[in-house]
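Participant: For reference, this is start_18.pdb, and it has PDB, C-alpha atoms, pLDDT in the B column.
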MODEL        1
ATOM      1  CA  MET A   1     -10.813  25.870 -38.319  1.00 60.00           C
ATOM      2  CA  ASP A   2     -10.331  22.585 -36.457  1.00 73.00           C
ATOM      3  CA  ARG A   3      -7.241  23.953 -34.673  1.00 75.00           C
ATOM      4  CA  TRP A   4      -9.247  26.957 -33.520  1.00 69.00           C
ATOM      5  CA  ARG A   5     -12.024  24.751 -32.157  1.00 78.00           C
ATOM      6  CA  GLN A   6      -9.559  22.565 -30.262  1.00 79.00           C
ATOM      7  CA  ASN A   7      -8.546  25.613 -28.169  1.00 82.00           C
ATOM      8  CA  THR A   8     -11.738  27.639 -28.221  1.00 86.00           C
ATOM      9  CA  ASP A   9     -11.525  28.916 -24.634  1.00 85.00           C
ATOM     10  CA  ASP A  10      -7.878  29.991 -24.980  1.00 86.00           C
ATOM     11  CA  ASN A  11      -8.536  31.601 -28.355  1.00 83.00           C
ATOM     12  CA  ILE A  12     -11.443  33.617 -26.963  1.00 85.00           C
ATOM     13  CA  LYS A  13      -9.295  34.801 -24.035  1.00 86.00           C
ATOM     14  CA  ARG A  14      -6.511  35.900 -26.412  1.00 83.00           C
ATOM     15  CA  ALA A  15      -9.014  37.676 -28.667  1.00 80.00           C
ATOM     16  CA  ASP A  16     -10.568  39.483 -25.694  1.00 81.00           C
ATOM     17  CA  ALA A  17      -7.111  40.590 -24.521  1.00 79.00           C
ATOM     18  CA  LYS A  18      -6.301  42.042 -27.975  1.00 75.00           C
ATOM     19  CA  TRP A  19      -9.699  43.657 -28.500  1.00 78.00           C
ATOM     20  CA  SER A  20      -8.836  46.846 -26.603  1.00 71.00           C
ATOM     21  CA  THR A  21      -6.044  47.498 -29.107  1.00 70.00           C
ATOM     22  CA  VAL A  22      -7.905  46.387 -32.220  1.00 70.00           C
ATOM     23  CA  LYS A  23     -11.147  48.282 -31.549  1.00 72.00           C
ATOM     24  CA  ASN A  24      -9.341  51.645 -31.581  1.00 70.00           C
ATOM     25  CA  GLN A  25      -7.236  51.070 -34.677  1.00 71.00           C
ATOM     26  CA  PRO A  26      -8.188  52.978 -37.798  1.00 72.00           C
ATOM     27  CA  GLU A  27      -9.525  50.981 -40.715  1.00 75.00           C
ATOM     28  CA  PRO A  28      -7.053  50.259 -43.532  1.00 76.00           C
ATOM     29  CA  VAL A  29      -7.171  52.910 -46.268  1.00 78.00           C
ATOM     30  CA  ILE A  30      -6.989  52.002 -49.941  1.00 81.00           C
ATOM     31  CA  VAL A  31      -4.323  53.963 -51.806  1.00 86.00           C
ATOM     32  CA  GLY A  32      -5.792  55.824 -54.762  1.00 82.00           C
ATOM     33  CA  ALA A  33      -4.472  57.225 -58.014  1.00 84.00           C
ATOM     34  CA  PRO A  34      -1.906  57.341 -59.412  1.00 85.00           C
ATOM     35  CA  CYS A  35      -1.435  53.941 -57.750  1.00 85.00           C
ATOM     36  CA  ARG A  36      -3.131  51.178 -59.752  1.00 84.00           C
ATOM     37  CA  GLU A  37      -6.532  50.106 -58.512  1.00 80.00           C
ATOM     38  CA  LYS A  38      -5.596  46.435 -58.899  1.00 83.00           C
ATOM     39  CA  PRO A  39      -3.832  44.954 -57.162  1.00 85.00           C
ATOM     40  CA  THR A  40      -4.995  46.960 -54.186  1.00 88.00           C
ATOM     41  CA  SER A  41      -2.486  48.869 -52.079  1.00 91.00           C
ATOM     42  CA  VAL A  42      -3.446  49.835 -48.533  1.00 89.00           C
ATOM     43  CA  VAL A  43      -2.273  51.897 -45.580  1.00 88.00           C
ATOM     44  CA  ILE A  44      -2.547  50.128 -42.236  1.00 84.00           C
ATOM     45  CA  SER A  45      -1.914  51.214 -38.654  1.00 82.00           C
ATOM     46  CA  LEU A  46       0.089  49.024 -36.296  1.00 82.00           C
ATOM     47  CA  ASP A  47      -0.432  48.483 -32.558  1.00 75.00           C
ATOM     48  CA  SER A  48       2.511  50.830 -31.946  1.00 78.00           C
ATOM     49  CA  GLY A  49       0.763  53.658 -33.796  1.00 78.00           C
ATOM     50  CA  ASP A  50       3.185  53.390 -36.725  1.00 85.00           C
ATOM     51  CA  ARG A  51       1.744  53.182 -40.218  1.00 88.00           C
ATOM     52  CA  ARG A  52       2.743  51.057 -43.208  1.00 92.00           C
ATOM     53  CA  VAL A  53       1.795  51.093 -46.837  1.00 92.00           C
ATOM     54  CA  LEU A  54       1.452  47.663 -48.393  1.00 95.00           C
ATOM     55  CA  VAL A  55       1.893  48.097 -52.142  1.00 95.00           C
ATOM     56  CA  GLY A  56       0.133  45.275 -53.964  1.00 94.00           C
ATOM     57  CA  ALA A  57       2.181  43.225 -56.415  1.00 95.00           C
ATOM     58  CA  GLN A  58       3.287  45.593 -59.170  1.00 96.00           C
ATOM     59  CA  THR A  59       4.187  44.300 -62.622  1.00 96.00           C
ATOM     60  CA  ALA A  60       5.592  45.905 -65.766  1.00 97.00           C
ATOM     61  CA  LEU A  61       2.293  47.327 -66.986  1.00 95.00           C
ATOM     62  CA  SER A  62       2.033  50.824 -68.400  1.00 94.00           C
ATOM     63  CA  ASP A  63      -0.764  53.230 -67.474  1.00 90.00           C
ATOM     64  CA  ASP A  64      -2.823  51.885 -70.369  1.00 91.00           C
ATOM     65  CA  GLY A  65      -2.375  48.272 -69.176  1.00 91.00           C
ATOM     66  CA  ASN A  66       0.159  47.111 -71.775  1.00 95.00           C
ATOM     67  CA  VAL A  67       3.230  45.066 -70.871  1.00 96.00           C
ATOM     68  CA  VAL A  68       6.422  47.134 -70.999  1.00 97.00           C
ATOM     69  CA  GLY A  69       9.724  45.500 -71.972  1.00 96.00           C
ATOM     70  CA  LYS A  70       8.695  42.071 -73.233  1.00 96.00           C
ATOM     71  CA  GLY A  71      11.788  39.902 -72.797  1.00 95.00           C
ATOM     72  CA  ASP A  72      13.782  42.807 -71.284  1.00 97.00           C
ATOM     73  CA  MET A  73      14.336  42.443 -67.526  1.00 97.00           C
ATOM     74  CA  ARG A  74      15.932  45.891 -67.178  1.00 97.00           C
ATOM     75  CA  ALA A  75      12.924  47.584 -68.792  1.00 98.00           C
ATOM     76  CA  GLN A  76      10.564  45.571 -66.604  1.00 97.00           C
ATOM     77  CA  ILE A  77      12.449  46.469 -63.407  1.00 97.00           C
ATOM     78  CA  GLU A  78      12.256  50.138 -64.389  1.00 97.00           C
ATOM     79  CA  GLN A  79       8.507  49.970 -65.131  1.00 97.00           C
ATOM     80  CA  VAL A  80       7.757  48.095 -61.922  1.00 97.00           C
ATOM     81  CA  GLY A  81       9.860  50.713 -60.141  1.00 96.00           C
ATOM     82  CA  ARG A  82       7.803  53.535 -61.677  1.00 96.00           C
ATOM     83  CA  ASN A  83       4.583  51.791 -60.641  1.00 96.00           C
ATOM     84  CA  VAL A  84       5.850  51.294 -57.073  1.00 96.00           C
ATOM     85  CA  ASP A  85       6.994  54.924 -56.971  1.00 95.00           C
ATOM     86  CA  ALA A  86       3.507  56.125 -57.963  1.00 94.00           C
ATOM     87  CA  CYS A  87       1.998  54.213 -55.032  1.00 94.00           C
ATOM     88  CA  LEU A  88       4.616  55.497 -52.610  1.00 95.00           C
ATOM     89  CA  LYS A  89       4.171  59.113 -53.749  1.00 94.00           C
ATOM     90  CA  ALA A  90       0.400  58.790 -53.320  1.00 92.00           C
ATOM     91  CA  VAL A  91       0.981  58.374 -49.559  1.00 93.00           C
ATOM     92  CA  GLY A  92       3.949  60.741 -49.215  1.00 92.00           C
ATOM     93  CA  ALA A  93       6.638  58.046 -49.186  1.00 94.00           C
ATOM     94  CA  THR A  94       9.806  57.374 -51.199  1.00 94.00           C
ATOM     95  CA  PRO A  95      11.930  54.282 -51.900  1.00 94.00           C
ATOM     96  CA  LYS A  96      14.008  55.230 -48.833  1.00 94.00           C
ATOM     97  CA  ASP A  97      10.930  54.405 -46.704  1.00 95.00           C
ATOM     98  CA  ILE A  98      10.744  50.819 -47.979  1.00 96.00           C
ATOM     99  CA  VAL A  99      11.192  48.295 -45.174  1.00 95.00           C
ATOM    100  CA  PHE A 100      11.246  45.189 -47.354  1.00 95.00           C
ATOM    101  CA  THR A 101      10.132  43.742 -50.672  1.00 96.00           C
ATOM    102  CA  VAL A 102       8.931  40.419 -52.020  1.00 97.00           C
ATOM    103  CA  SER A 103       9.961  39.927 -55.646  1.00 96.00           C
ATOM    104  CA  HIS A 104       8.618  37.123 -57.834  1.00 97.00           C
ATOM    105  CA  VAL A 105      11.007  36.609 -60.737  1.00 97.00           C
ATOM    106  CA  THR A 106      10.773  34.307 -63.755  1.00 97.00           C
ATOM    107  CA  HIS A 107      14.468  34.637 -64.739  1.00 95.00           C
ATOM    108  CA  LEU A 108      16.565  34.952 -61.593  1.00 95.00           C
ATOM    109  CA  THR A 109      19.929  35.251 -63.365  1.00 95.00           C
ATOM    110  CA  GLU A 110      18.575  38.110 -65.517  1.00 95.00           C
ATOM    111  CA  PHE A 111      17.183  39.823 -62.423  1.00 95.00           C
ATOM    112  CA  ASP A 112      20.541  39.523 -60.643  1.00 94.00           C
ATOM    113  CA  LYS A 113      22.297  41.254 -63.578  1.00 96.00           C
ATOM    114  CA  TYR A 114      20.492  44.478 -62.672  1.00 95.00           C
ATOM    115  CA  ALA A 115      21.064  44.435 -58.908  1.00 92.00           C
ATOM    116  CA  ASP A 116      22.456  47.980 -59.207  1.00 93.00           C
ATOM    117  CA  LEU A 117      18.965  49.256 -60.158  1.00 93.00           C
ATOM    118  CA  LEU A 118      17.139  47.727 -57.215  1.00 93.00           C
ATOM    119  CA  PRO A 119      18.024  50.278 -54.478  1.00 94.00           C
ATOM    120  CA  ARG A 120      16.894  53.150 -56.722  1.00 93.00           C
ATOM    121  CA  TYR A 121      13.433  51.664 -57.147  1.00 93.00           C
ATOM    122  CA  PHE A 122      12.994  49.379 -54.152  1.00 94.00           C
ATOM    123  CA  GLY A 123      14.958  51.065 -51.384  1.00 90.00           C
ATOM    124  CA  PRO A 124      18.033  50.051 -49.431  1.00 87.00           C
ATOM    125  CA  PRO A 125      18.823  46.336 -49.216  1.00 86.00           C
ATOM    126  CA  SER A 126      16.956  44.671 -46.377  1.00 91.00           C
ATOM    127  CA  PRO A 127      17.561  41.249 -44.806  1.00 91.00           C
ATOM    128  CA  MET A 128      13.786  40.853 -44.689  1.00 93.00           C
ATOM    129  CA  SER A 129      13.445  41.231 -48.479  1.00 95.00           C
ATOM    130  CA  THR A 130      13.102  38.071 -50.475  1.00 95.00           C
ATOM    131  CA  THR A 131      13.259  37.024 -54.110  1.00 95.00           C
ATOM    132  CA  VAL A 132      11.136  34.062 -55.138  1.00 96.00           C
ATOM    133  CA  PRO A 133      11.864  32.188 -58.371  1.00 96.00           C
ATOM    134  CA  THR A 134       8.507  31.878 -60.112  1.00 95.00           C
ATOM    135  CA  PRO A 135       8.048  29.865 -63.338  1.00 94.00           C
ATOM    136  CA  GLN A 136       5.336  32.153 -64.743  1.00 93.00           C
ATOM    137  CA  LEU A 137       3.401  35.216 -63.651  1.00 94.00           C
ATOM    138  CA  SER A 138      -0.122  36.225 -64.690  1.00 91.00           C
ATOM    139  CA  SER A 139       1.073  36.762 -68.280  1.00 94.00           C
ATOM    140  CA  PRO A 140       3.890  34.960 -70.086  1.00 95.00           C
ATOM    141  CA  ASP A 141       5.277  38.396 -71.057  1.00 97.00           C
ATOM    142  CA  LEU A 142       5.773  39.462 -67.434  1.00 97.00           C
ATOM    143  CA  MET A 143       9.114  38.640 -65.826  1.00 97.00           C
ATOM    144  CA  LEU A 144       8.768  40.405 -62.471  1.00 97.00           C
ATOM    145  CA  SER A 145       6.235  41.173 -59.767  1.00 97.00           C
ATOM    146  CA  VAL A 146       7.165  43.166 -56.646  1.00 97.00           C
ATOM    147  CA  GLU A 147       5.245  43.730 -53.403  1.00 96.00           C
ATOM    148  CA  VAL A 148       6.505  46.554 -51.198  1.00 96.00           C
ATOM    149  CA  PHE A 149       6.143  47.272 -47.478  1.00 96.00           C
ATOM    150  CA  ALA A 150       7.097  50.815 -46.493  1.00 96.00           C
ATOM    151  CA  ALA A 151       6.988  52.854 -43.283  1.00 95.00           C
ATOM    152  CA  ILE A 152       5.048  56.100 -43.584  1.00 91.00           C
ATOM    153  CA  LYS A 153       4.311  59.036 -41.318  1.00 80.00           C
TER     154      LYS A 153
ENDMDL
END
Translate this file's structure into structure tokens.
Facilitator:
Amino acid sequence: MDRWRQNTDDNIKRADAKWSTVKNQPEPVIVGAPCREKPTSVVISLDSGDRRVLVGAQTALSDDGNVVGKGDMRAQIEQVGRNVDACLKAVGATPKDIVFTVSHVTHLTEFDKYADLLPRYFGPPSPMSTTVPTPQLSSPDLMLSVEVFAAIK
């Protein structure tokens, strides 16, 4: 907030210059079922007119909310992949439309063992994708959390 106040006049000028673009952009749209309600996934429109779906961090939870594959990274990758796929299908996208991913992983060496699965569930390799070693996720039974950014029509 202090940085903004230090350059108030410049910040207002920049905001005014962007307003013509922002005021005509559609509101983000929340992706519905079969995509999980939480974390929220949304469709946004870019200045260029392109659209993206931002799939909220998916974990290895089944439809009834139970952890799938406790201690089994392969099973967790597959479940996360199914959850991501449900969100993509809800907006007419596929893993081929994925631009990049952010993966939070508790056991990086285990995750790397299954690198052959990743393109099937998370699209072609992208230099913008990143894997973040994470000591623990929201539950000690979860080993993986993946956020997805995909281009849609």
Participant: Can you give me, as a ChimeraX atom specification, the residues this file yields under the PyMOL selection byres ((chain A and resi 81-98) around 10)?
Facilitator: /A:31-36,41-43,52-63,75-80,99-101,117-126,129,146-153
Participant: What do you get, as a ChimeraX atom specification, if you spell out every residue that the PyMOL selection byres ((chain A and resi 70) around 9) selects here?
Facilitator: /A:60,67-69,71-73,75-76,141-143
Participant: Pick the closest to A:Pro26 from A:Thr130, A:Arg74, A:Gly49, A:Ser145: which is it, counting only C-alpha atoms?
Facilitator: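 Of A:Thr130, A:Arg74, A:Gly49, A:Ser145, the one nearest A:Pro26 is A:Gly49, counting only C-alpha atoms.
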Participant: Just how far from atom CA of A:Arg3 is atom CA of A:Ala17, in Å to one decimal?
Facilitator: 19.5 Å
Participant: Quick check, in Å to one decimal: how far apart do atom CA of A:Lys23 and atom CA of A:Arg51 lie?
Facilitator: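 Answer for the atom CA of A:Lys23 to atom CA of A:Arg51 separation: 16.3 Å.
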Participant: Translate the PyMOL selection byres ((chain A and resi 131-133) around 10), as applied to the file shown, into an explicit residue set as a count of residues only.
Facilitator: 18
Participant: Choose the residue, out of A:Asp9, A:Ile44, A:Lys38, A:Leu137, that has the smallest atom-to-atom separation from A:Gly65; count all atoms listed in the file.
Facilitator: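 Checking each of A:Asp9, A:Ile44, A:Lys38, A:Leu137 against A:Gly65, counting all atoms listed in the file, the winner is A:Lys38.
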Participant: What's the separation between atom CA of A:Pro127 and atom CA of A:Ala115, in Å to one decimal place?
Facilitator: 14.9 Å
Participant: Can you work out which one of A:Asp64, A:Asn24, A:Ser139, A:Arg5 has the shortest atom-to-atom distance to A:Ser45, counting all atoms listed in the file?
Facilitator: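 Residue with the minimum atom-to-atom distance to A:Ser45: A:Asn24.
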Participant: Could stretch 43-54 of chain A be completed with N, CA and C atoms and returned as a PDB file, in the frame of the given file?
Facilitator:
ATOM      1  N   VAL A  43      -2.995  51.353 -46.724  1.00 88.00           N
ATOM      2  CA  VAL A  43      -2.273  51.897 -45.580  1.00 88.00           C
ATOM      3  C   VAL A  43      -2.901  51.283 -44.341  1.00 88.00           C
ATOM      4  N   ILE A  44      -2.052  50.717 -43.479  1.00 84.00           N
ATOM      5  CA  ILE A  44      -2.547  50.128 -42.236  1.00 84.00           C
ATOM      6  C   ILE A  44      -1.850  50.790 -41.052  1.00 84.00           C
ATOM      7  N   SER A  45      -2.494  50.716 -39.904  1.00 82.00           N
ATOM      8  CA  SER A  45      -1.914  51.214 -38.654  1.00 82.00           C
ATOM      9  C   SER A  45      -1.549  50.019 -37.785  1.00 82.00           C
ATOM     10  N   LEU A  46      -0.384  50.097 -37.164  1.00 82.00           N
ATOM     11  CA  LEU A  46       0.089  49.024 -36.296  1.00 82.00           C
ATOM     12  C   LEU A  46      -0.275  49.316 -34.845  1.00 82.00           C
ATOM     13  N   ASP A  47      -0.165  48.311 -33.990  1.00 75.00           N
ATOM     14  CA  ASP A  47      -0.432  48.483 -32.558  1.00 75.00           C
ATOM     15  C   ASP A  47       0.383  49.628 -31.977  1.00 75.00           C
ATOM     16  N   SER A  48       1.600  49.806 -32.462  1.00 78.00           N
ATOM     17  CA  SER A  48       2.511  50.830 -31.946  1.00 78.00           C
ATOM     18  C   SER A  48       2.093  52.245 -32.345  1.00 78.00           C
ATOM     19  N   GLY A  49       1.150  52.347 -33.276  1.00 78.00           N
ATOM     20  CA  GLY A  49       0.763  53.658 -33.796  1.00 78.00           C
ATOM     21  C   GLY A  49       1.471  53.978 -35.099  1.00 78.00           C
ATOM     22  N   ASP A  50       2.504  53.208 -35.445  1.00 85.00           N
ATOM     23  CA  ASP A  50       3.185  53.390 -36.725  1.00 85.00           C
ATOM     24  C   ASP A  50       2.245  53.002 -37.861  1.00 85.00           C
ATOM     25  N   ARG A  51       2.554  53.526 -39.047  1.00 88.00           N
ATOM     26  CA  ARG A  51       1.744  53.182 -40.218  1.00 88.00           C
ATOM     27  C   ARG A  51       2.631  52.582 -41.307  1.00 88.00           C
ATOM     28  N   ARG A  52       2.060  51.696 -42.092  1.00 92.00           N
ATOM     29  CA  ARG A  52       2.743  51.057 -43.208  1.00 92.00           C
ATOM     30  C   ARG A  52       1.854  51.134 -44.445  1.00 92.00           C
ATOM     31  N   VAL A  53       2.510  51.256 -45.578  1.00 92.00           N
ATOM     32  CA  VAL A  53       1.795  51.093 -46.837  1.00 92.00           C
ATOM     33  C   VAL A  53       2.214  49.742 -47.393  1.00 92.00           C
ATOM     34  N   LEU A  54       1.234  48.966 -47.782  1.00 95.00           N
ATOM     35  CA  LEU A  54       1.452  47.663 -48.393  1.00 95.00           C
ATOM     36  C   LEU A  54       1.094  47.823 -49.863  1.00 95.00           C
TER      37      LEU A  54
END
